[in-house]
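What's in model-v1.cif: mmCIF, C-alpha atoms
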```
data_target
loop_
_atom_site.label_atom_id
_atom_site.label_comp_id
_atom_site.auth_asym_id
_atom_site.auth_seq_id
_atom_site.Cartn_x
_atom_site.Cartn_y
_atom_site.Cartn_z
CA MET F 1 209.83 322.07 94.10
CA PRO F 2 206.41 323.44 95.21
CA ARG F 3 206.24 324.08 98.91
CA SER F 4 203.87 322.03 101.03
CA LYS F 5 201.24 323.70 103.20
CA ASN F 6 203.34 322.88 106.25
CA LEU F 7 206.35 324.65 104.78
CA ASN F 8 204.28 327.72 103.92
CA ASN F 9 203.04 327.87 107.53
CA LEU F 10 206.61 327.62 108.77
CA LEU F 11 207.70 330.33 106.35
CA ALA F 12 205.14 332.75 107.80
CA ILE F 13 206.54 332.08 111.27
CA ALA F 14 210.10 332.56 110.02
CA ASN F 15 209.21 335.89 108.41
CA LEU F 16 207.75 337.15 111.70
CA THR F 17 210.99 336.15 113.41
CA ALA F 18 213.01 337.94 110.76
CA TYR F 19 210.91 341.09 111.09
CA SER F 20 211.37 341.24 114.86
CA ALA F 21 215.13 340.96 114.41
CA LYS F 22 215.33 343.60 111.68
CA VAL F 23 213.85 346.30 113.86
CA MET F 24 216.97 346.08 116.02
CA LYS F 25 220.05 347.42 114.26
CA SER F 26 223.12 345.39 115.02
CA ILE F 27 226.14 343.90 113.30
CA PRO F 28 225.53 340.15 112.78
CA LEU F 29 228.10 338.14 114.74
CA VAL F 30 228.94 334.43 114.89
CA ARG F 31 230.91 332.37 117.40
CA VAL F 32 234.35 331.14 116.49
CA ASN F 33 233.33 327.58 117.42
CA SER F 34 230.76 327.61 114.60
CA PHE F 35 233.44 328.85 112.17
CA SER F 36 236.56 326.95 113.21
CA PRO F 37 235.37 323.57 111.77
CA PHE F 38 235.79 325.11 108.31
CA ILE F 39 239.32 326.24 109.18
CA ASN F 40 240.23 322.83 110.56
CA PHE F 41 238.89 321.01 107.51
CA LEU F 42 240.69 323.34 105.09
CA ASP F 43 243.93 323.07 107.07
CA HIS F 44 243.67 319.28 106.79
CA LEU F 45 243.36 319.67 103.01
CA GLY F 46 246.48 321.82 102.92
CA SER F 47 244.57 324.92 101.79
CA PRO F 48 246.21 328.37 102.18
CA THR F 49 243.87 329.25 105.05
CA LYS F 50 246.20 331.82 106.64
CA LYS F 51 246.34 333.76 103.39
CA TRP F 52 242.56 333.66 102.96
CA LEU F 53 242.02 334.69 106.58
CA GLU F 54 244.32 337.65 106.02
CA GLU F 55 242.49 338.67 102.85
CA SER F 56 239.17 338.39 104.69
CA GLN F 57 240.47 340.54 107.59
CA LEU F 58 239.74 337.71 109.99
CA ARG F 59 243.36 337.61 111.15
CA LEU F 60 242.53 340.76 113.11
CA PHE F 61 240.33 338.70 115.43
CA SER F 62 241.10 336.14 118.12
CA LEU F 63 240.22 332.85 116.47
CA GLU F 64 241.78 330.87 119.31
CA ASP F 65 238.92 331.70 121.67
CA PRO F 66 236.00 329.41 120.73
CA GLU F 67 233.47 331.71 122.43
CA ALA F 68 234.69 334.87 120.69
CA LEU F 69 232.34 336.70 118.32
CA ILE F 70 233.40 337.66 114.79
CA PRO F 71 231.54 339.56 112.04
CA ARG F 72 229.28 337.14 110.19
CA HIS F 73 229.84 338.57 106.71
CA LEU F 74 233.62 338.22 107.03
CA ALA F 75 233.26 334.59 108.11
CA PHE F 76 230.78 333.78 105.34
CA ASN F 77 232.87 335.53 102.68
CA PHE F 78 235.85 333.44 103.74
CA ILE F 79 233.84 330.19 103.65
CA GLU F 80 232.31 330.83 100.24
CA LYS F 81 235.66 331.90 98.79
CA ALA F 82 237.34 328.76 100.13
CA ALA F 83 234.59 326.59 98.62
CA ARG F 84 235.07 328.21 95.21
CA GLN F 85 238.86 328.09 95.31
CA GLU F 86 238.92 324.41 96.30
CA GLY F 87 235.97 323.48 94.10
CA ILE F 88 234.12 321.91 97.04
CA GLU F 89 230.38 322.49 96.71
CA ASN F 90 229.78 320.36 99.81
CA LEU F 91 232.18 322.24 102.09
CA GLY F 92 229.45 322.95 104.66
CA PHE F 93 228.52 319.27 104.91
CA LEU F 94 232.13 318.14 105.10
CA ALA F 95 233.02 320.69 107.79
CA GLY F 96 229.89 319.75 109.74
CA GLN F 97 230.96 316.11 109.78
CA GLN F 98 234.18 317.11 111.57
CA ILE F 99 232.40 318.37 114.67
CA SER F 100 229.68 317.24 117.04
CA ILE F 101 227.21 319.23 119.13
CA PRO F 102 229.24 318.89 122.39
CA ASN F 103 232.11 320.69 120.60
CA LEU F 104 230.07 323.87 120.13
CA GLY F 105 231.35 325.44 123.33
CA ASN F 106 228.87 326.56 125.97
CA PHE F 107 226.03 326.30 123.45
CA GLY F 108 226.78 322.62 122.89
CA ARG F 109 227.24 321.89 126.58
CA ILE F 110 223.84 323.40 127.38
CA ILE F 111 222.20 321.11 124.82
CA CYS F 112 224.04 318.14 126.33
CA GLY F 113 222.12 318.73 129.56
CA SER F 114 218.82 317.95 127.80
CA LEU F 115 216.79 314.91 128.83
CA THR F 116 214.80 314.29 125.65
CA LEU F 117 214.76 315.42 122.04
CA TYR F 118 211.86 317.74 122.89
CA ASP F 119 213.88 319.18 125.78
CA ALA F 120 216.86 319.75 123.48
CA LEU F 121 214.81 321.47 120.75
CA THR F 122 213.06 323.69 123.30
CA THR F 123 216.45 324.65 124.75
CA ILE F 124 217.93 325.36 121.31
CA GLN F 125 214.95 327.51 120.37
CA THR F 126 215.42 329.54 123.57
CA ILE F 127 219.19 330.06 123.55
CA SER F 128 219.93 330.38 119.81
CA PRO F 129 219.60 334.22 119.89
CA ILE F 130 222.42 334.44 122.47
CA TYR F 131 224.67 332.08 120.52
CA ASN F 132 224.92 333.79 117.13
CA SER F 133 223.07 336.97 116.20
CA ARG F 134 220.63 337.16 113.27
CA GLU F 135 220.39 333.38 113.35
CA ARG F 136 217.34 331.51 114.61
CA LEU F 137 216.50 327.88 115.33
CA TRP F 138 212.99 326.69 116.12
CA PHE F 139 210.68 323.71 115.78
CA LYS F 140 207.00 323.31 115.03
CA GLN F 141 204.71 320.33 115.27
CA ARG F 142 202.42 319.81 112.28
CA GLY F 143 200.17 316.75 112.42
CA GLU F 144 202.30 313.65 112.84
CA GLN F 145 205.48 315.48 111.82
CA THR F 146 207.85 317.85 113.57
CA TRP F 147 209.80 320.41 111.56
CA PHE F 148 213.22 321.46 112.87
CA CYS F 149 214.12 324.80 111.29
CA HIS F 150 217.09 327.15 110.99
CA GLN F 151 217.41 330.57 109.38
CA TYR F 152 220.12 333.14 108.75
CA LEU F 153 218.24 336.43 108.82
CA ASP F 154 218.64 339.37 106.43
CA ASN F 155 219.89 337.30 103.46
CA PRO F 156 223.55 337.43 104.57
CA HIS F 157 225.04 336.28 101.25
CA PRO F 158 223.22 336.22 97.86
CA SER F 159 224.97 333.05 96.70
CA MET F 160 225.28 331.44 100.13
CA GLN F 161 225.81 327.69 100.02
CA CYS F 162 228.01 326.38 102.81
CA PRO F 163 226.64 327.84 106.09
CA PRO F 164 223.14 326.31 105.63
CA GLN F 165 224.78 322.98 104.79
CA PHE F 166 226.77 323.17 108.03
CA ALA F 167 223.67 324.02 110.07
CA LEU F 168 221.69 321.19 108.48
CA THR F 169 224.43 318.66 109.25
CA LEU F 170 224.28 319.49 112.96
CA MET F 171 220.47 319.43 112.94
CA LEU F 172 220.53 315.94 111.44
CA ASP F 173 223.16 314.82 113.95
CA LEU F 174 220.93 315.85 116.84
CA ILE F 175 217.98 313.84 115.55
CA ARG F 176 220.21 310.81 114.89
CA ILE F 177 221.16 310.67 118.55
CA VAL F 178 217.71 309.19 119.20
CA LYS F 179 217.52 307.36 115.83
CA PRO F 180 221.08 306.55 114.67
CA GLU F 181 220.06 304.81 111.43
CA TRP F 182 217.50 307.42 110.38
CA GLN F 183 217.72 309.08 106.97
CA ALA F 184 215.73 312.26 106.32
CA SER F 185 213.12 312.02 103.55
CA GLN F 186 212.24 315.72 103.19
CA ILE F 187 214.58 318.69 103.54
CA CYS F 188 214.63 322.29 102.36
CA LEU F 189 217.75 324.45 102.29
CA GLN F 190 218.04 328.21 102.64
CA GLY F 191 219.54 330.01 99.66
CA ASN F 192 221.30 328.31 96.77
CA SER F 193 222.74 325.68 99.05
CA ILE F 194 223.31 323.02 96.41
CA ASN F 195 223.43 323.26 92.61
CA GLN F 196 222.95 319.64 91.50
CA PRO F 197 221.16 317.80 94.32
CA ASN F 198 220.45 314.71 92.21
CA GLN F 199 224.19 314.13 91.82
CA ASN F 200 225.00 314.83 95.46
CA PRO F 201 225.60 311.82 97.76
CA PHE F 202 224.29 313.76 100.75
CA PHE F 203 220.77 313.78 99.26
CA ALA F 204 220.34 310.26 97.95
CA GLY F 205 216.63 309.42 98.20
CA VAL F 206 215.74 312.79 99.74
CA LYS F 207 212.96 315.08 98.58
CA LEU F 208 214.88 318.37 98.52
CA GLY F 209 213.70 321.93 98.19
CA LYS F 210 216.40 324.55 97.66
CA GLY F 211 216.32 328.32 97.46
CA ALA F 212 214.05 328.51 100.51
CA GLU F 213 214.02 331.31 103.08
CA PHE F 214 215.10 328.89 105.79
CA THR F 215 216.50 325.40 106.26
CA ALA F 216 214.17 322.69 107.62
CA VAL F 217 214.01 318.95 108.12
CA SER F 218 211.04 316.86 109.22
CA PHE F 219 210.87 313.77 111.44
CA PRO F 220 208.08 311.86 113.24
CA ARG F 221 206.47 313.76 116.07
CA SER F 222 206.56 310.65 118.26
CA TRP F 223 210.36 310.91 118.52
CA LEU F 224 210.18 314.11 120.61
CA SER F 225 209.74 312.18 123.85
CA LEU F 226 212.71 309.86 123.23
CA SER F 227 215.62 310.10 125.69
CA LEU F 228 218.89 311.69 124.63
CA LYS F 229 222.31 310.29 125.49
CA PHE F 230 225.22 312.49 124.45
CA PRO F 231 228.87 311.38 124.43
CA LEU F 232 229.39 314.28 126.85
CA ASP F 233 227.24 313.58 129.89
CA LEU F 234 226.59 316.82 131.77
CA SER F 235 224.52 317.44 134.86
CA ARG F 236 221.80 320.07 134.89
CA LYS F 237 223.99 322.20 137.14
CA GLN F 238 226.87 322.11 134.65
CA ALA F 239 224.51 323.00 131.82
CA GLN F 240 223.15 325.94 133.83
CA HIS F 241 226.70 327.20 134.41
CA SER F 242 227.36 327.05 130.66
CA ALA F 243 224.12 328.98 130.12
CA LEU F 244 225.33 331.77 132.41
CA LEU F 245 228.63 331.96 130.52
CA LEU F 246 226.88 332.02 127.15
CA ARG F 247 224.46 334.73 128.28
CA SER F 248 227.32 336.89 129.59
CA SER F 249 228.89 336.96 126.13
CA ALA F 250 225.67 337.20 124.10
CA PRO F 251 225.75 339.26 120.88
CA ALA F 252 224.48 342.79 121.49
CA HIS F 253 221.08 343.66 120.03
CA ASN F 254 221.86 347.32 119.40
CA PHE F 255 224.31 348.80 116.93
CA SER F 256 226.71 350.49 119.36
CA GLY F 257 226.95 347.36 121.50
CA SER F 258 227.67 345.08 118.54
CA LEU F 259 230.21 347.57 117.19
CA GLN F 260 232.00 347.49 120.54
CA GLN F 261 232.08 343.69 120.39
CA VAL F 262 233.60 343.89 116.90
CA ILE F 263 236.20 346.48 117.90
CA ALA F 264 237.25 345.07 121.27
CA PRO F 265 239.68 342.48 119.77
CA LEU F 266 241.32 345.26 117.73
CA LEU F 267 242.30 347.44 120.71
CA PRO F 268 245.79 345.90 121.21
CA LEU F 269 246.61 347.03 117.65
CA GLY F 270 246.14 350.67 118.65
CA TYR F 271 243.26 353.11 118.32
CA PRO F 272 240.81 351.42 115.90
CA ASP F 273 240.59 353.61 112.82
CA ILE F 274 237.03 354.53 111.92
CA HIS F 275 237.65 353.55 108.28
CA LEU F 276 238.55 350.02 109.39
CA ALA F 277 235.57 349.89 111.75
CA ALA F 278 233.21 350.92 108.95
CA GLU F 279 234.66 348.35 106.58
CA ILE F 280 234.35 345.57 109.16
CA ALA F 281 230.79 346.70 109.95
CA GLU F 282 230.05 346.57 106.19
CA MET F 283 228.85 350.16 105.90
CA SER F 284 230.04 353.63 104.98
CA ILE F 285 231.64 355.89 107.58
CA ARG F 286 228.68 358.26 107.39
CA THR F 287 226.19 355.44 107.96
CA LEU F 288 228.24 354.25 110.93
CA GLN F 289 228.31 357.74 112.41
CA ARG F 290 224.59 358.24 111.81
CA SER F 291 223.76 354.92 113.46
CA LEU F 292 225.77 355.91 116.53
CA GLU F 293 224.13 359.34 116.63
CA GLU F 294 220.72 357.65 116.70
CA GLU F 295 221.83 355.94 119.90
CA GLY F 296 223.15 359.17 121.40
CA THR F 297 226.87 358.57 121.06
CA THR F 298 229.86 359.08 118.75
CA TYR F 299 232.64 356.86 117.53
CA SER F 300 235.27 358.47 119.76
CA ARG F 301 232.96 358.23 122.77
CA LEU F 302 232.27 354.58 122.00
CA ILE F 303 236.00 353.79 121.93
CA GLU F 304 236.50 355.67 125.18
CA GLN F 305 233.68 353.73 126.85
CA LEU F 306 235.09 350.45 125.57
CA ARG F 307 238.56 351.26 126.85
CA PHE F 308 237.18 352.29 130.23
CA ASP F 309 235.12 349.11 130.61
CA GLN F 310 238.07 346.95 129.61
CA ALA F 311 240.39 348.84 131.96
CA ILE F 312 238.09 348.28 134.93
CA ARG F 313 237.88 344.58 134.11
CA TRP F 314 241.65 344.19 133.85
CA LEU F 315 242.28 346.17 137.03
CA GLN F 316 240.19 343.68 138.99
CA ASN F 317 243.01 341.18 138.48
CA PRO F 318 245.93 342.21 140.72
CA THR F 319 248.33 339.93 138.83
CA VAL F 320 248.03 341.89 135.57
CA LYS F 321 250.64 344.61 135.26
CA LEU F 322 249.54 348.14 134.45
CA ARG F 323 251.92 348.23 131.49
CA ASP F 324 250.23 345.13 130.06
CA ILE F 325 246.80 346.70 130.53
CA SER F 326 247.86 349.79 128.61
CA VAL F 327 249.05 347.56 125.74
CA GLU F 328 245.76 345.61 125.72
CA LEU F 329 243.87 348.89 125.46
CA GLY F 330 245.97 350.09 122.54
CA TYR F 331 247.99 352.81 124.27
CA ARG F 332 251.52 353.12 122.95
CA ASN F 333 252.74 354.57 126.23
CA PRO F 334 251.54 353.62 129.76
CA THR F 335 251.56 357.33 130.59
CA HIS F 336 248.82 357.90 128.04
CA PHE F 337 246.71 355.22 129.72
CA THR F 338 247.28 356.77 133.15
CA ARG F 339 246.31 360.20 131.85
CA ALA F 340 243.12 358.86 130.25
CA PHE F 341 242.16 356.89 133.38
CA LYS F 342 242.60 359.97 135.56
CA ARG F 343 240.31 361.85 133.20
CA TRP F 344 237.67 359.13 133.61
CA THR F 345 237.88 358.56 137.37
CA GLY F 346 240.04 361.24 138.98
CA LEU F 347 242.46 358.48 140.06
CA SER F 348 245.49 356.85 138.53
CA PRO F 349 245.12 353.13 137.68
CA LYS F 350 247.41 352.30 140.60
CA GLU F 351 245.34 354.41 143.01
CA TYR F 352 242.10 352.89 141.71
CA ARG F 353 243.40 349.35 142.18
CA PHE F 354 244.58 350.16 145.72
CA GLN F 355 241.22 351.76 146.56
CA GLN F 356 239.30 348.72 145.28
CA ARG F 357 241.50 346.40 147.35
CA GLU F 358 240.78 348.44 150.50
CA LEU F 359 237.04 348.33 149.79
CA GLU F 360 237.17 344.56 149.38
CA ASP F 361 239.14 344.13 152.63
CA SER F 362 236.72 346.31 154.58
CA ALA F 363 233.75 344.34 153.22
CA GLN F 364 235.16 341.06 154.58
#
```
Show the structure stored in the file as structure tokens.
Amino acid sequence: MPRSKNLNNLLAIANLTAYSAKVMKSIPLVRVNSFSPFINFLDHLGSPTKKWLEESQLRLFSLEDPEALIPRHLAFNFIEKAARQEGIENLGFLAGQQISIPNLGNFGRIICGSLTLYDALTTIQTISPIYNSRERLWFKQRGEQTWFCHQYLDNPHPSMQCPPQFALTLMLDLIRIVKPEWQASQICLQGNSINQPNQNPFFAGVKLGKGAEFTAVSFPRSWLSLSLKFPLDLSRKQAQHSALLLRSSAPAHNFSGSLQQVIAPLLPLGYPDIHLAAEIAEMSIRTLQRSLEEEGTTYSRLIEQLRFDQAIRWLQNPTVKLRDISVELGYRNPTHFTRAFKRWTGLSPKEYRFQQRELEDSAQ
């Protein structure tokens, strides 16, 4: 379908957004709460999800924590494989119907604090970069229409179908909060998001463009000022607290930071092998090492820094045993943890914890 002038204008904006993101090397990461709806739907079908998660290496990560970050390509590979195996072209739409915006963790709760549709879209546009990396949401007003847009940057999967469907479902849900009976008349979908739109019940009566560089849906500009009423009614203060939590766990914008976020869940399994790290980062070992060198560090130094940061965090909690901390950091023997911590600080973990307690008491 030929693109309209409005869509071409939006595409130019999207390309500028993509360019600004590409200049920052990082591993694309997504939140578990934007992935778990697929797991829940497939589990309900009786699909062998545990087996597919294992084959996709996603069993290495903590999928119980909805705010956790996982590598995007592993999540997308799992989703597309599941769609093929089950023969469900509409998997993204079906998974999206199983969840509502308030269920998207801190991201969803922030949106629930919005007063109007305009307020919600402005908020989404601002916080989307700290929700999932290499993923952008924005809106633009063109004449009497508003375009709500979403894009996965860097062409994450050549035959991607389901993730854009999922994103579109949530975008439509947001607009329908102010207009429950509304049906979109014009939509475009990023990638090859649907093969036979004319035979798809999700697009009855819709002018659909597929294979686009981003997903977009239009609605009347006059709706922007309409009040929102979410099932989850949050105060501004609660939304601000969720914003602080989301920002504290934002995906890193540099390579070493995002690699640390990928590796952190693997520490309890032992020292993360560089071969595994490279595979999860979707690059060769040499490329991984070169990328770290460009940021002035090495793989072994990165692991050491990660272990140190995690150790300090755990030691702040006096109820966590030192033996448990050593296990969380991947040390087979607590003595090895003690030796490493002394090398970092000149103190044993026990001495450091005692010293910190004395400093806190003297500050009171």
How many Å separate atom CA of Gln240 of chain F from atom CA of Leu115 of chain F?
-> 13.7 Å
Could you tell me which residues the PyMOL selection byres ((chain F and resi 69-80) around 7) returns for this structure, as a VMD selection string?
-> chain F and resid 28 to 32 52 to 53 56 58 67 to 68 81 to 84 156 162 262
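Here the selection is built from all atoms listed in the file, and the residues within 12 Å of (232.1, 319.6, 124.7) turn out to be Asn33, Pro66, Ile99, Ser100, Ile101, Pro102, Asn103, Leu104, Gly105, Asn106, Phe107, Gly108, Arg109, Ile110, Ile111, Cys112, Gly113, Phe230, Pro231, Leu232, Asp233, Leu234, Gln238, Ala239 and Ser242 of chain F.
Matched in the shown structure by the PyMOL selection byres ((chain F and resi 340-347) around 10): Glu304, Gln305, Arg307, Phe308, Ala311, Ile312, Tyr331, Pro334, Thr335, His336, Phe337, Thr338, Arg339, Ser348, Pro349, Lys350, Glu351, Tyr352, Arg353 and Gln355 of chain F.
Put simply, atom CA of Glu282 of chain F is 11.3 Å away from atom CA of Ser26 of chain F.
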Distance of atom CA of Ser222 of chain F from atom CA of Thr146 of chain F, expressed in Å to one decimal place | 8.7 Å
Fewer than 2 positions away in the same chain doesn't count, so skip those; otherwise give me all residues within 7 Å of segment 87-96 of chain F, counting all atoms listed in the file, as number ranges by chain.
-> F: 37-38, 41, 83-85, 98-99, 162-163, 165-166, 169-170
Taking C-alpha atoms for each residue, export the selection above as a CSV table (one decimal), keeping the file's coordinate frame.
```
chain,number,residue,atom,x,y,z
F,37,PRO,CA,235.4,323.6,111.8
F,38,PHE,CA,235.8,325.1,108.3
F,41,PHE,CA,238.9,321.0,107.5
F,83,ALA,CA,234.6,326.6,98.6
F,84,ARG,CA,235.1,328.2,95.2
F,85,GLN,CA,238.9,328.1,95.3
F,98,GLN,CA,234.2,317.1,111.6
F,99,ILE,CA,232.4,318.4,114.7
F,162,CYS,CA,228.0,326.4,102.8
F,163,PRO,CA,226.6,327.8,106.1
F,165,GLN,CA,224.8,323.0,104.8
F,166,PHE,CA,226.8,323.2,108.0
F,169,THR,CA,224.4,318.7,109.2
F,170,LEU,CA,224.3,319.5,113.0
```
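Considering only C-alpha atoms, the residue among F:Ser225, F:Ser62, F:Gln190, F:Gln145 positioned nearest to Pro265 of chain F is F:Ser62.
With distances restricted to all atoms listed in the file, F:Asp154 is the closest residue to Arg136 of chain F from F:Asp154, F:Glu55, F:Asp119, F:Glu181.
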